[in-house]
Amino acid sequence: EPEVTQTPSHQVTQMGQEVILRCVPISNHLYFYWYRQILGQKVEFLVSFYNNEISEKSEIFDDQFSVERPDGSNFTLKIRSTKLEDSAMYFCASSVRFSGNTIYFGEGSWLTVV
Amino acid sequence: AQTVTQSQPEMSVQEAETVTLSCTYDTSESDYYLFWYKQPPSRQMILVIRQEAYKQQNATENRFSVNFQKAAKSFSLKISDSQLGDAAMYFCAYRSPNTGNQFYFGTGTSLTVIP
């Protein structure tokens with residue numbers, strides 16, 4: 001069964017550094033997402049992406065964050081100048097626009113900012 | 001924004017028994033989608049079951065079924081014949097067709113299965 005894959009599974013970074021989290025969505029999916037889950041808290045929406053542009057973003061997704069689809073398969077989340085409170089599990093997800101409304105999550109990238 | 005409430009932070013069930021996890025939501029929309037996701041210790045989010053609001057029939061997926069009460073805005077998950085592998089955090093989620101595919105998640109219910 002096709003899966004959303006994410007790399008790295010775990011990254012430790014120093015405060016102020018830039019981090020890029022990578023995702024390969026399911027190949028025939030058209031919508032891509034990033035969600036965040038701070039330890040012990042609910043999963044929160046960050047951004048959705050369609051047709052090479054952001055379709056919606058939350059208040060969390062400020063200028064510190066950016067997303068990109070650099071080629072036909074990868075979907076990246078860049079976090080500039082990381083802060084301690086950016087420590088969280090970041091989930092990539094994808095969905096098919098027309099034939100279903102389920103989103104499929106990757107296994108997550110656990111980011112620790114020290 | 002829509003809100004999703006899971007009032008049971010923790011639940012436990014004896015292996016082979018049945019357990020029901022509660023979820024309520026607040027919306028003014030008539031058409032929407034509801035989901036239950038499971039998050040085991042590996043922290044991957046795994047789809048358990050989904051329900052379209054326009055369907056009156058409750059969704060069923062093997063040992064998992066829902067009790068969807070649209071008027072009450074309630075969407076509970078029943079797990080029958082509980083297995084050790086069912087132990088996980090369970091999240092209820094709401095998706096509106098009008099908000100760009102965004103999902104709204106509840107705070108989760110941690111399910112323990114007792115051997």
# chains A, B, ... in the order shown; residues from 1 in each chain; ligands from 1
>>> closest_atom_pairs(of="chain B", to="chain A", cutoff="12 Å", atoms="only C-alpha atoms", output="CSV")
residue,atom,partner,partner_atom,distance
B:Ala1,CA,A:Ser58,CA,11.1
B:Thr3,CA,A:Lys42,CA,11.8
B:Val4,CA,A:Lys42,CA,10.4
B:Thr5,CA,A:Lys42,CA,10.8
B:Gln6,CA,A:Lys42,CA,10.7
B:Pro9,CA,A:Gly40,CA,10.8
B:Tyr32,CA,A:Asn101,CA,9.8
B:Tyr33,CA,A:Asn101,CA,7.7
B:Leu34,CA,A:Thr102,CA,9.4
B:Phe35,CA,A:Thr102,CA,8.2
B:Trp36,CA,A:Thr102,CA,10.6
B:Tyr37,CA,A:Phe105,CA,9.9
B:Lys38,CA,A:Phe105,CA,11.0
B:Gln39,CA,A:Glu107,CA,9.8
B:Pro40,CA,A:Glu107,CA,10.7
B:Pro41,CA,A:Glu107,CA,11.1
B:Ser42,CA,A:Glu107,CA,7.9
B:Arg43,CA,A:Glu107,CA,6.8
B:Gln44,CA,A:Glu107,CA,4.3
B:Met45,CA,A:Phe105,CA,5.8
B:Ile46,CA,A:Phe105,CA,7.1
B:Leu47,CA,A:Tyr104,CA,7.4
B:Val48,CA,A:Thr102,CA,10.7
B:Ile49,CA,A:Thr102,CA,9.6
B:Arg50,CA,A:Thr102,CA,7.8
B:Gln51,CA,A:Thr102,CA,10.1
B:Glu52,CA,A:Asn101,CA,9.4
B:Met89,CA,A:Gly40,CA,10.5
B:Tyr90,CA,A:Lys42,CA,10.7
B:Phe91,CA,A:Lys42,CA,8.4
B:Cys92,CA,A:Lys42,CA,10.2
B:Ala93,CA,A:Val43,CA,9.6
B:Tyr94,CA,A:Thr102,CA,10.6
B:Arg95,CA,A:Asn101,CA,8.2
B:Ser96,CA,A:Asn101,CA,9.6
B:Pro97,CA,A:Asn101,CA,8.5
B:Asn98,CA,A:Glu56,CA,11.2
B:Thr99,CA,A:Glu56,CA,8.0
B:Gly100,CA,A:Glu56,CA,6.2
B:Asn101,CA,A:Ser48,CA,7.5
B:Gln102,CA,A:Phe45,CA,6.8
B:Phe103,CA,A:Phe45,CA,6.9
B:Tyr104,CA,A:Glu44,CA,7.4
B:Phe105,CA,A:Val43,CA,6.0
B:Gly106,CA,A:Lys42,CA,6.3
B:Thr107,CA,A:Lys42,CA,4.7
B:Gly108,CA,A:Lys42,CA,6.9
B:Thr109,CA,A:Lys42,CA,10.5
B:Ser110,CA,A:Gly40,CA,10.7
>>> write_last_selection(atoms="N, CA and C atoms", output="compact mmCIF listing (two decimals), in the first residue's frame")
# COMPACT_ATOMS: atom_id res chain seq x y z
N ALA B 1 -13.84 28.74 13.99
CA ALA B 1 -13.28 27.46 13.61
C ALA B 1 -14.03 26.33 14.32
N THR B 3 -14.61 23.07 16.47
CA THR B 3 -13.91 22.49 17.62
C THR B 3 -14.31 21.05 17.77
N VAL B 4 -13.38 20.25 18.20
CA VAL B 4 -13.58 18.82 18.42
C VAL B 4 -13.20 18.53 19.87
N THR B 5 -14.08 17.88 20.59
CA THR B 5 -13.86 17.63 22.02
C THR B 5 -13.85 16.15 22.31
N GLN B 6 -12.80 15.71 22.94
CA GLN B 6 -12.72 14.35 23.45
C GLN B 6 -12.62 14.46 24.96
N PRO B 9 -9.61 11.73 28.62
CA PRO B 9 -8.17 11.74 28.34
C PRO B 9 -7.58 10.33 28.35
N TYR B 32 -19.95 17.47 6.10
CA TYR B 32 -18.58 17.41 6.62
C TYR B 32 -18.19 15.95 6.74
N TYR B 33 -16.98 15.74 7.20
CA TYR B 33 -16.44 14.39 7.34
C TYR B 33 -15.83 14.24 8.73
N LEU B 34 -15.96 13.06 9.26
CA LEU B 34 -15.42 12.76 10.58
C LEU B 34 -14.50 11.55 10.49
N PHE B 35 -13.47 11.56 11.30
CA PHE B 35 -12.47 10.52 11.25
C PHE B 35 -12.03 10.14 12.66
N TRP B 36 -11.59 8.91 12.78
CA TRP B 36 -10.83 8.50 13.95
C TRP B 36 -9.46 8.05 13.45
N TYR B 37 -8.43 8.63 14.08
CA TYR B 37 -7.05 8.24 13.80
C TYR B 37 -6.47 7.62 15.06
N LYS B 38 -5.60 6.66 14.85
CA LYS B 38 -4.91 5.97 15.94
C LYS B 38 -3.44 6.35 15.89
N GLN B 39 -2.87 6.63 17.05
CA GLN B 39 -1.46 6.96 17.13
C GLN B 39 -0.79 6.04 18.16
N PRO B 40 -0.17 4.96 17.70
CA PRO B 40 0.53 4.05 18.63
C PRO B 40 1.81 4.70 19.13
N PRO B 41 2.54 4.02 20.01
CA PRO B 41 3.78 4.59 20.54
C PRO B 41 4.77 5.01 19.45
N SER B 42 4.71 4.41 18.30
CA SER B 42 5.58 4.82 17.19
C SER B 42 5.25 6.23 16.71
N ARG B 43 4.10 6.75 17.12
CA ARG B 43 3.63 8.12 16.85
C ARG B 43 3.13 8.33 15.42
N GLN B 44 3.10 7.29 14.63
CA GLN B 44 2.50 7.44 13.30
C GLN B 44 1.00 7.59 13.44
N MET B 45 0.41 8.43 12.62
CA MET B 45 -1.03 8.63 12.62
C MET B 45 -1.65 7.68 11.60
N ILE B 46 -2.50 6.80 12.09
CA ILE B 46 -3.08 5.75 11.24
C ILE B 46 -4.59 5.93 11.20
N LEU B 47 -5.15 5.98 10.00
CA LEU B 47 -6.60 6.11 9.86
C LEU B 47 -7.29 4.84 10.35
N VAL B 48 -8.27 5.02 11.21
CA VAL B 48 -9.05 3.89 11.70
C VAL B 48 -10.36 3.77 10.94
N ILE B 49 -11.07 4.89 10.85
CA ILE B 49 -12.40 4.85 10.25
C ILE B 49 -12.84 6.26 9.90
N ARG B 50 -13.71 6.39 8.90
CA ARG B 50 -14.22 7.70 8.50
C ARG B 50 -15.73 7.61 8.29
N GLN B 51 -16.35 8.78 8.43
CA GLN B 51 -17.81 8.85 8.28
C GLN B 51 -18.15 10.13 7.52
N GLU B 52 -18.99 10.00 6.50
CA GLU B 52 -19.50 11.18 5.81
C GLU B 52 -20.79 11.61 6.49
N MET B 89 -3.03 6.15 21.34
CA MET B 89 -3.80 7.38 21.48
C MET B 89 -4.76 7.45 20.30
N TYR B 90 -6.00 7.76 20.57
CA TYR B 90 -7.00 7.86 19.51
C TYR B 90 -7.47 9.32 19.38
N PHE B 91 -7.40 9.80 18.16
CA PHE B 91 -7.81 11.18 17.88
C PHE B 91 -9.03 11.20 16.99
N CYS B 92 -10.00 11.98 17.39
CA CYS B 92 -11.17 12.26 16.58
C CYS B 92 -10.85 13.50 15.73
N ALA B 93 -11.30 13.51 14.51
CA ALA B 93 -10.98 14.66 13.64
C ALA B 93 -12.18 15.02 12.77
N TYR B 94 -12.27 16.29 12.49
CA TYR B 94 -13.36 16.86 11.69
C TYR B 94 -12.76 17.52 10.46
N ARG B 95 -13.38 17.29 9.33
CA ARG B 95 -12.94 17.98 8.12
C ARG B 95 -14.12 18.61 7.45
N SER B 96 -13.95 19.88 7.15
CA SER B 96 -14.97 20.61 6.41
C SER B 96 -14.59 20.66 4.95
N PRO B 97 -15.54 20.52 4.06
CA PRO B 97 -15.22 20.69 2.64
C PRO B 97 -14.99 22.14 2.26
N ASN B 98 -15.19 23.04 3.22
CA ASN B 98 -15.15 24.47 2.91
C ASN B 98 -13.92 25.18 3.45
N THR B 99 -13.00 24.46 4.06
CA THR B 99 -11.85 25.11 4.68
C THR B 99 -10.54 24.55 4.15
N GLY B 100 -10.51 24.32 2.84
CA GLY B 100 -9.25 23.95 2.22
C GLY B 100 -8.64 22.67 2.72
N ASN B 101 -9.47 21.70 3.03
CA ASN B 101 -8.97 20.40 3.43
C ASN B 101 -8.34 20.36 4.82
N GLN B 102 -8.51 21.40 5.57
CA GLN B 102 -7.93 21.39 6.90
C GLN B 102 -8.69 20.44 7.82
N PHE B 103 -7.96 19.71 8.64
CA PHE B 103 -8.53 18.84 9.65
C PHE B 103 -8.45 19.53 11.00
N TYR B 104 -9.47 19.32 11.82
CA TYR B 104 -9.45 19.78 13.19
C TYR B 104 -9.45 18.55 14.09
N PHE B 105 -8.46 18.48 14.96
CA PHE B 105 -8.31 17.30 15.81
C PHE B 105 -8.76 17.59 17.23
N GLY B 106 -9.23 16.53 17.90
CA GLY B 106 -9.45 16.60 19.33
C GLY B 106 -8.15 16.40 20.07
N THR B 107 -8.22 16.44 21.38
CA THR B 107 -7.01 16.33 22.21
C THR B 107 -6.58 14.89 22.44
N GLY B 108 -7.40 13.94 22.02
CA GLY B 108 -7.00 12.55 22.08
C GLY B 108 -7.47 11.81 23.32
N THR B 109 -7.61 10.50 23.19
CA THR B 109 -7.91 9.60 24.30
C THR B 109 -6.87 8.50 24.29
N SER B 110 -6.19 8.35 25.40
CA SER B 110 -5.17 7.30 25.51
C SER B 110 -5.84 6.01 25.95
>>> residues_around(residues="Ile79 (chain B)", least_positions_apart="2", cutoff="8 Å", atoms="only C-alpha atoms", output="JSON, numbers by chain")
{"B": [18, 19, 20, 63, 64, 65, 77, 81, 82]}
>>> write_last_selection(atoms="C-alpha atoms", output="mmCIF file, in the first residue's frame")
data_model
loop_
_atom_site.group_PDB
_atom_site.id
_atom_site.type_symbol
_atom_site.label_atom_id
_atom_site.label_comp_id
_atom_site.auth_asym_id
_atom_site.auth_seq_id
_atom_site.Cartn_x
_atom_site.Cartn_y
_atom_site.Cartn_z
ATOM 1 C CA THR B 18 -15.551 -3.703 24.109
ATOM 2 C CA VAL B 19 -14.771 -0.052 24.702
ATOM 3 C CA THR B 20 -16.347 3.158 23.432
ATOM 4 C CA ARG B 63 -13.778 -4.543 14.875
ATOM 5 C CA PHE B 64 -14.186 -0.768 14.719
ATOM 6 C CA SER B 65 -17.528 0.958 14.363
ATOM 7 C CA LEU B 77 -15.805 4.954 18.326
ATOM 8 C CA ASP B 81 -12.885 -7.663 20.935
ATOM 9 C CA SER B 82 -10.081 -5.348 22.026
#
>>> atom_distance(atom1="CA of Gly85 (chain B)", atom2="CA of Tyr25 (chain B)")
27.3 Å
>>> atom_distance(atom1="CA of Thr24 (chain B)", atom2="CA of Ala88 (chain B)")
19.6 Å
>>> closest_residue(among="A:Gln11, A:Asn51, A:Thr82, A:Ser27", to="Ser94 (chain A)", atoms="only C-alpha atoms")
A:Ser27
>>> select_by_dssp(residues="chain A", states="strand (DSSP E)", output="number ranges by chain")
A: 5-7, 10-13, 19-24, 31-37, 43-50, 53-57, 65-68, 75-79, 88-95, 104-105, 109-113
>>> atom_distance(atom1="CA of Leu30 (chain A)", atom2="CA of Phe65 (chain A)")
21.0 Å
>>> closest_residue(among="A:Ile26, A:Ser81, A:Leu111, A:Phe75", to="Asp63 (chain A)", atoms="only C-alpha atoms")
A:Ser81
>>> closest_residue(among="A:Gln17, A:Cys23, A:Leu77, A:Asn28", to="Pro2 (chain A)", atoms="only C-alpha atoms")
A:Asn28
>>> residues_around(residues="Ala87 (chain B)", least_positions_apart="3", cutoff="7 Å", atoms="only C-alpha atoms", output="VMD selection string")
chain B and resid 40 84 111 to 113
>>> write_last_selection(atoms="N, CA and C atoms", output="short mmCIF file (atom, residue, chain, number, x, y, z; two decimals), in the first residue's frame")
data_model
loop_
_atom_site.label_atom_id
_atom_site.label_comp_id
_atom_site.auth_asym_id
_atom_site.auth_seq_id
_atom_site.Cartn_x
_atom_site.Cartn_y
_atom_site.Cartn_z
N PRO B 40 -0.17 4.96 17.70
CA PRO B 40 0.53 4.05 18.63
C PRO B 40 1.81 4.70 19.13
N LEU B 84 -4.37 -6.30 22.25
CA LEU B 84 -3.25 -5.55 22.83
C LEU B 84 -2.73 -4.50 21.86
N LEU B 111 -5.78 4.99 25.11
CA LEU B 111 -6.41 3.72 25.41
C LEU B 111 -5.38 2.70 25.86
N THR B 112 -5.63 2.12 27.02
CA THR B 112 -4.80 1.03 27.54
C THR B 112 -5.59 -0.26 27.44
N VAL B 113 -4.95 -1.31 26.95
CA VAL B 113 -5.60 -2.62 26.87
C VAL B 113 -4.93 -3.52 27.90
#
>>> closest_residue(among="B:Asn58, B:Ser74, B:Gln83, B:Gln2", to="Ser28 (chain B)", atoms="only C-alpha atoms")
B:Gln2
